Amino acid sequence: MREASELDLQSADLIIRTSADLEAEHEGTYLGAERLALVVNPENPIVSLSQEEAIALLSGAYAQWKEVPSSAASAQAFDQPVKLIFLVDQDLEAFLSTAFPSLEISPSMGEKAYSVEMAQQLIAETPGAVGLLPASGLTPALKEVQLFDASNQLITWQLHVLGLTPIEPVGDMLQLLLCLQR
């Protein structure tokens with residue numbers, strides 16, 4: 001798979017890509033969203049976190065799971081260091097910097113995974129691991145952590161999926177894009 005910056009729209013009939021900021025995209029057809037999942041090793045007793053705690057985890061604020069406020073009681077028996085696993089992905093990095101611009105969230109603070117499969121393996125093999133993956137990358141070897149906002153409402157982090165064409169889509173290409181939107 002090539003990075004978005006490497007794709008040449010003039011040599012392809014259709015490019016499907018994700019974007020962290022839909023308002024910044026002036027071209028393309030909106031196809032839907034790719035939900036992002038905060039995932040941990042299945043041995044981790046954590047089932048939910050506040051958005052603030054999740055951001056703090058990803059920014060390296062906690063060294064041990066028992067330091068995470070909402071998980072302190074369940075994590076006492078889970079005395080593991082927090083191990084950040086960052087999927088090397090331009091769109092995920094753009095999501096983090098766009099969604100949380102005032103925070104220092106840096107993939108350089110954790111271990112880098114160069115594919116979804118590598119991230120899955122690292123998280124599944126490391127009891128204290130945590131990572132942010134596309135929800136399509138969830139497997140039984142991973143556990144998703146639910147995220148809640150300040151008013152205790154379930155929240156979803158997502159990337160937007162766009163279809164880019166070199167010219168205004170018509171005919172079969174238009175039909176394909178309409179089909180992909182469903």
# chains A, B, ... in the order shown; residues from 1 in each chain; ligands from 1
$ residues_around --residues "stretch 136-138 of chain A" --least-positions-apart "3" --cutoff "9 Å" --atoms "only C-alpha atoms" --output "PyMOL selection string"
chain A and resi 34-37+39+116-117+120+133+141-144
$ write_last_selection --atoms "N, CA and C atoms" --output "PDB file, in the first residue's frame"
ATOM      1  N   GLU A  34     -14.295   5.498   8.559  1.00  0.00           N
ATOM      2  CA  GLU A  34     -13.576   4.355   9.135  1.00  0.00           C
ATOM      3  C   GLU A  34     -13.436   4.652  10.619  1.00  0.00           C
ATOM      4  N   ARG A  35     -14.132   3.874  11.431  1.00  0.00           N
ATOM      5  CA  ARG A  35     -14.077   4.065  12.878  1.00  0.00           C
ATOM      6  C   ARG A  35     -12.704   3.668  13.390  1.00  0.00           C
ATOM      7  N   LEU A  36     -12.200   4.444  14.338  1.00  0.00           N
ATOM      8  CA  LEU A  36     -10.927   4.135  14.977  1.00  0.00           C
ATOM      9  C   LEU A  36     -11.202   3.513  16.342  1.00  0.00           C
ATOM     10  N   ALA A  37     -10.410   2.529  16.707  1.00  0.00           N
ATOM     11  CA  ALA A  37     -10.603   1.817  17.965  1.00  0.00           C
ATOM     12  C   ALA A  37      -9.350   1.918  18.823  1.00  0.00           C
ATOM     13  N   VAL A  39      -7.356   0.094  21.361  1.00  0.00           N
ATOM     14  CA  VAL A  39      -7.302  -1.331  21.681  1.00  0.00           C
ATOM     15  C   VAL A  39      -6.196  -1.629  22.674  1.00  0.00           C
ATOM     16  N   VAL A 116      -0.952  -2.766   9.985  1.00  0.00           N
ATOM     17  CA  VAL A 116      -2.000  -3.118  10.950  1.00  0.00           C
ATOM     18  C   VAL A 116      -1.677  -4.470  11.575  1.00  0.00           C
ATOM     19  N   GLU A 117      -1.202  -5.397  10.761  1.00  0.00           N
ATOM     20  CA  GLU A 117      -0.877  -6.735  11.264  1.00  0.00           C
ATOM     21  C   GLU A 117       0.234  -6.687  12.308  1.00  0.00           C
ATOM     22  N   GLN A 120      -1.297  -5.304  15.479  1.00  0.00           N
ATOM     23  CA  GLN A 120      -2.113  -6.350  16.111  1.00  0.00           C
ATOM     24  C   GLN A 120      -1.239  -7.319  16.890  1.00  0.00           C
ATOM     25  N   LEU A 133      -6.150   1.800  16.277  1.00  0.00           N
ATOM     26  CA  LEU A 133      -6.200   1.109  14.996  1.00  0.00           C
ATOM     27  C   LEU A 133      -7.529   1.362  14.301  1.00  0.00           C
ATOM     28  N   ALA A 141      -7.832 -11.346  19.198  1.00  0.00           N
ATOM     29  CA  ALA A 141      -6.616 -11.225  20.014  1.00  0.00           C
ATOM     30  C   ALA A 141      -6.466  -9.827  20.614  1.00  0.00           C
ATOM     31  N   LEU A 142      -7.410  -8.932  20.320  1.00  0.00           N
ATOM     32  CA  LEU A 142      -7.375  -7.563  20.829  1.00  0.00           C
ATOM     33  C   LEU A 142      -8.681  -7.260  21.553  1.00  0.00           C
ATOM     34  N   LYS A 143      -8.618  -6.289  22.464  1.00  0.00           N
ATOM     35  CA  LYS A 143      -9.830  -5.854  23.166  1.00  0.00           C
ATOM     36  C   LYS A 143     -10.005  -4.364  22.934  1.00  0.00           C
ATOM     37  N   GLU A 144     -11.202  -3.987  22.486  1.00  0.00           N
ATOM     38  CA  GLU A 144     -11.494  -2.578  22.267  1.00  0.00           C
ATOM     39  C   GLU A 144     -11.921  -1.930  23.576  1.00  0.00           C
TER      40      GLU A 144
END
$ select_by_dssp --residues "stretch 26-173 of chain A" --states "strand (DSSP E)" --output "ChimeraX atom specification"
/A:29-40,48-50,83-87,111-113,129-134,143-148,154-155,157-164
$ residues_around --residues "A:Ile123" --least-positions-apart "6" --cutoff "7 Å" --atoms "only C-alpha atoms" --output "JSON, numbers by chain"
{"A": [40, 41, 129, 130]}
$ atom_distance --atom1 "atom CA of A:Leu49" --atom2 "atom CA of A:Phe148"
6.3 Å
$ select_by_dssp --residues "chain A" --states "alpha helix (DSSP H)" --output "PyMOL selection string"
chain A and resi 51-58+72-75+90-99+116-125+171-181
$ write_last_selection --atoms "N, CA and C atoms" --output "CSV table (one decimal), in the first residue's frame"
chain,number,residue,atom,x,y,z
A,51,GLN,N,-12.4,10.3,27.4
A,51,GLN,CA,-11.6,10.7,26.2
A,51,GLN,C,-10.3,11.4,26.7
A,52,GLU,N,-10.4,12.1,27.8
A,52,GLU,CA,-9.2,12.7,28.4
A,52,GLU,C,-8.1,11.7,28.8
A,53,GLU,N,-8.6,10.6,29.4
A,53,GLU,CA,-7.7,9.6,29.8
A,53,GLU,C,-7.0,8.9,28.6
A,54,ALA,N,-7.8,8.7,27.5
A,54,ALA,CA,-7.3,8.1,26.3
A,54,ALA,C,-6.3,9.0,25.7
A,55,ILE,N,-6.5,10.3,25.6
A,55,ILE,CA,-5.6,11.2,25.1
A,55,ILE,C,-4.3,11.2,25.9
A,56,ALA,N,-4.5,11.2,27.2
A,56,ALA,CA,-3.3,11.2,28.1
A,56,ALA,C,-2.5,9.9,27.9
A,57,LEU,N,-3.2,8.8,27.7
A,57,LEU,CA,-2.5,7.5,27.5
A,57,LEU,C,-1.6,7.6,26.2
A,58,LEU,N,-2.3,8.1,25.1
A,58,LEU,CA,-1.6,8.3,23.8
A,58,LEU,C,-0.5,9.3,23.9
A,72,ALA,N,-8.0,2.7,38.1
A,72,ALA,CA,-7.1,2.5,39.2
A,72,ALA,C,-7.6,1.2,40.0
A,73,ALA,N,-8.9,1.1,40.2
A,73,ALA,CA,-9.3,0.0,41.0
A,73,ALA,C,-9.1,-1.4,40.3
A,74,SER,N,-9.5,-1.4,39.0
A,74,SER,CA,-9.4,-2.7,38.3
A,74,SER,C,-7.9,-2.9,37.9
A,75,ALA,N,-7.2,-1.9,37.8
A,75,ALA,CA,-5.8,-2.0,37.3
A,75,ALA,C,-4.8,-2.3,38.4
A,90,GLN,N,-0.1,8.1,8.0
A,90,GLN,CA,-0.2,9.5,7.9
A,90,GLN,C,-1.6,10.0,8.3
A,91,ASP,N,-2.6,9.3,7.9
A,91,ASP,CA,-4.0,9.7,8.3
A,91,ASP,C,-4.3,9.6,9.7
A,92,LEU,N,-3.7,8.5,10.4
A,92,LEU,CA,-3.9,8.4,11.9
A,92,LEU,C,-3.2,9.5,12.6
A,93,GLU,N,-2.0,9.8,12.1
A,93,GLU,CA,-1.2,10.9,12.7
A,93,GLU,C,-1.9,12.3,12.5
A,94,ALA,N,-2.5,12.4,11.3
A,94,ALA,CA,-3.2,13.7,11.0
A,94,ALA,C,-4.5,13.8,11.9
A,95,PHE,N,-5.2,12.6,12.1
A,95,PHE,CA,-6.3,12.6,13.0
A,95,PHE,C,-5.9,13.1,14.4
A,96,LEU,N,-4.9,12.5,14.9
A,96,LEU,CA,-4.5,12.9,16.3
A,96,LEU,C,-4.1,14.3,16.4
A,97,SER,N,-3.4,14.9,15.4
A,97,SER,CA,-3.0,16.3,15.5
A,97,SER,C,-4.2,17.2,15.2
A,98,THR,N,-5.1,16.8,14.3
A,98,THR,CA,-6.3,17.6,14.0
A,98,THR,C,-7.3,17.6,15.2
A,99,ALA,N,-7.6,16.4,15.7
A,99,ALA,CA,-8.6,16.3,16.8
A,99,ALA,C,-8.1,16.8,18.1
A,116,VAL,N,-1.0,-2.8,10.0
A,116,VAL,CA,-2.0,-3.1,11.0
A,116,VAL,C,-1.7,-4.5,11.6
A,117,GLU,N,-1.2,-5.4,10.8
A,117,GLU,CA,-0.9,-6.7,11.3
A,117,GLU,C,0.2,-6.7,12.3
A,118,MET,N,1.2,-5.9,12.1
A,118,MET,CA,2.3,-5.7,13.0
A,118,MET,C,1.8,-5.1,14.3
A,119,ALA,N,0.9,-4.1,14.3
A,119,ALA,CA,0.3,-3.5,15.4
A,119,ALA,C,-0.5,-4.5,16.2
A,120,GLN,N,-1.3,-5.3,15.5
A,120,GLN,CA,-2.1,-6.3,16.1
A,120,GLN,C,-1.2,-7.3,16.9
A,121,GLN,N,-0.2,-7.8,16.3
A,121,GLN,CA,0.7,-8.7,16.9
A,121,GLN,C,1.4,-8.1,18.2
A,122,LEU,N,1.9,-6.9,18.0
A,122,LEU,CA,2.6,-6.3,19.2
A,122,LEU,C,1.6,-6.1,20.4
A,123,ILE,N,0.4,-5.7,20.1
A,123,ILE,CA,-0.6,-5.5,21.2
A,123,ILE,C,-1.0,-6.8,21.8
A,124,ALA,N,-1.2,-7.8,20.9
A,124,ALA,CA,-1.6,-9.1,21.4
A,124,ALA,C,-0.5,-9.8,22.2
A,125,GLU,N,0.7,-9.5,22.0
A,125,GLU,CA,1.8,-10.2,22.7
A,125,GLU,C,2.3,-9.4,23.9
A,171,GLY,N,-21.3,8.2,-15.5
A,171,GLY,CA,-21.5,6.9,-16.0
A,171,GLY,C,-21.2,5.8,-15.0
A,172,ASP,N,-20.4,4.8,-15.4
A,172,ASP,CA,-20.1,3.7,-14.6
A,172,ASP,C,-19.3,4.1,-13.3
A,173,MET,N,-18.4,5.1,-13.4
A,173,MET,CA,-17.7,5.6,-12.2
A,173,MET,C,-18.6,6.2,-11.2
A,174,LEU,N,-19.6,7.0,-11.7
A,174,LEU,CA,-20.6,7.6,-10.8
A,174,LEU,C,-21.4,6.5,-10.1
A,175,GLN,N,-21.8,5.5,-10.9
A,175,GLN,CA,-22.6,4.4,-10.3
A,175,GLN,C,-21.7,3.6,-9.2
A,176,LEU,N,-20.4,3.4,-9.5
A,176,LEU,CA,-19.6,2.8,-8.5
A,176,LEU,C,-19.5,3.6,-7.3
A,177,LEU,N,-19.3,4.9,-7.4
A,177,LEU,CA,-19.2,5.7,-6.2
A,177,LEU,C,-20.5,5.7,-5.4
A,178,LEU,N,-21.6,5.8,-6.1
A,178,LEU,CA,-22.9,5.7,-5.4
A,178,LEU,C,-23.1,4.4,-4.7
A,179,CYS,N,-22.6,3.3,-5.3
A,179,CYS,CA,-22.7,2.0,-4.7
A,179,CYS,C,-21.8,1.9,-3.4
A,180,LEU,N,-20.6,2.5,-3.5
A,180,LEU,CA,-19.7,2.5,-2.4
A,180,LEU,C,-20.2,3.3,-1.2
A,181,GLN,N,-21.0,4.3,-1.5
A,181,GLN,CA,-21.6,5.1,-0.4
A,181,GLN,C,-22.5,4.4,0.5
$ residues_around --residues "A:His160" --least-positions-apart "4" --cutoff "7 Å" --atoms "only C-alpha atoms" --output "tab-separated table (two decimals) with N, CA and C atoms, in the first residue's frame"
chain	number	residue	atom	x	y	z
A	18	THR	N	-8.37	7.89	3.08
A	18	THR	CA	-8.98	8.43	4.28
A	18	THR	C	-8.44	9.83	4.53
A	19	SER	N	-9.20	10.58	5.31
A	19	SER	CA	-8.81	11.94	5.65
A	19	SER	C	-9.26	12.23	7.07
A	20	ALA	N	-8.40	12.88	7.83
A	20	ALA	CA	-8.74	13.24	9.20
A	20	ALA	C	-9.66	14.44	9.26
A	22	LEU	N	-12.41	16.42	7.16
A	22	LEU	CA	-13.29	16.47	6.00
A	22	LEU	C	-13.43	17.90	5.47
A	32	GLY	N	-17.91	7.49	3.30
A	32	GLY	CA	-18.27	6.99	4.62
A	32	GLY	C	-17.17	7.30	5.62
A	33	ALA	N	-17.14	6.52	6.67
A	33	ALA	CA	-16.16	6.75	7.74
A	33	ALA	C	-15.53	5.43	8.16
A	34	GLU	N	-14.29	5.50	8.56
A	34	GLU	CA	-13.58	4.36	9.14
A	34	GLU	C	-13.44	4.65	10.62
$ residues_around --residues "A:Leu147" --least-positions-apart "3" --cutoff "9 Å" --atoms "only C-alpha atoms" --output "PyMOL selection string"
chain A and resi 38+47-51+54+152-157
$ closest_residue --among "A:Val88, A:Leu164, A:Met109, A:Ile15" --to "A:Glu27" --atoms "only C-alpha atoms"
A:Leu164
$ closest_residue --among "A:Leu132, A:Ile46, A:Val170, A:Thr165" --to "A:Asp13" --atoms "only C-alpha atoms"
A:Thr165
$ atom_distance --atom1 "atom CA of A:Gly131" --atom2 "atom CA of A:Lys83"
8.6 Å
$ atom_distance --atom1 "atom CA of A:Arg17" --atom2 "atom CA of A:Pro134"
13.1 Å
$ closest_residue --among "A:Gly128, A:Gly163, A:Pro169, A:Pro42" --to "A:Lys66" --atoms "only C-alpha atoms"
A:Gly128
$ closest_residue --among "A:Tyr30, A:Phe100, A:Phe86, A:Phe78" --to "A:Trp65" --atoms "only C-alpha atoms"
A:Phe78
$ decode --residues "stretch 83-96 of chain A" --atoms "C-alpha atoms" --output "short mmCIF file (atom, residue, chain, number, x, y, z; two decimals), in the first residue's frame"
data_model
loop_
_atom_site.label_atom_id
_atom_site.label_comp_id
_atom_site.auth_asym_id
_atom_site.auth_seq_id
_atom_site.Cartn_x
_atom_site.Cartn_y
_atom_site.Cartn_z
CA LYS A 83 3.35 0.27 26.24
CA LEU A 84 2.30 2.58 23.39
CA ILE A 85 2.04 0.98 19.97
CA PHE A 86 1.67 3.50 17.15
CA LEU A 87 0.60 2.43 13.69
CA VAL A 88 2.74 4.40 11.23
CA ASP A 89 0.00 5.97 9.14
CA GLN A 90 -0.20 9.54 7.87
CA ASP A 91 -3.98 9.69 8.26
CA LEU A 92 -3.92 8.42 11.86
CA GLU A 93 -1.21 10.93 12.71
CA ALA A 94 -3.25 13.67 11.01
CA PHE A 95 -6.33 12.60 12.97
CA LEU A 96 -4.46 12.87 16.27
#
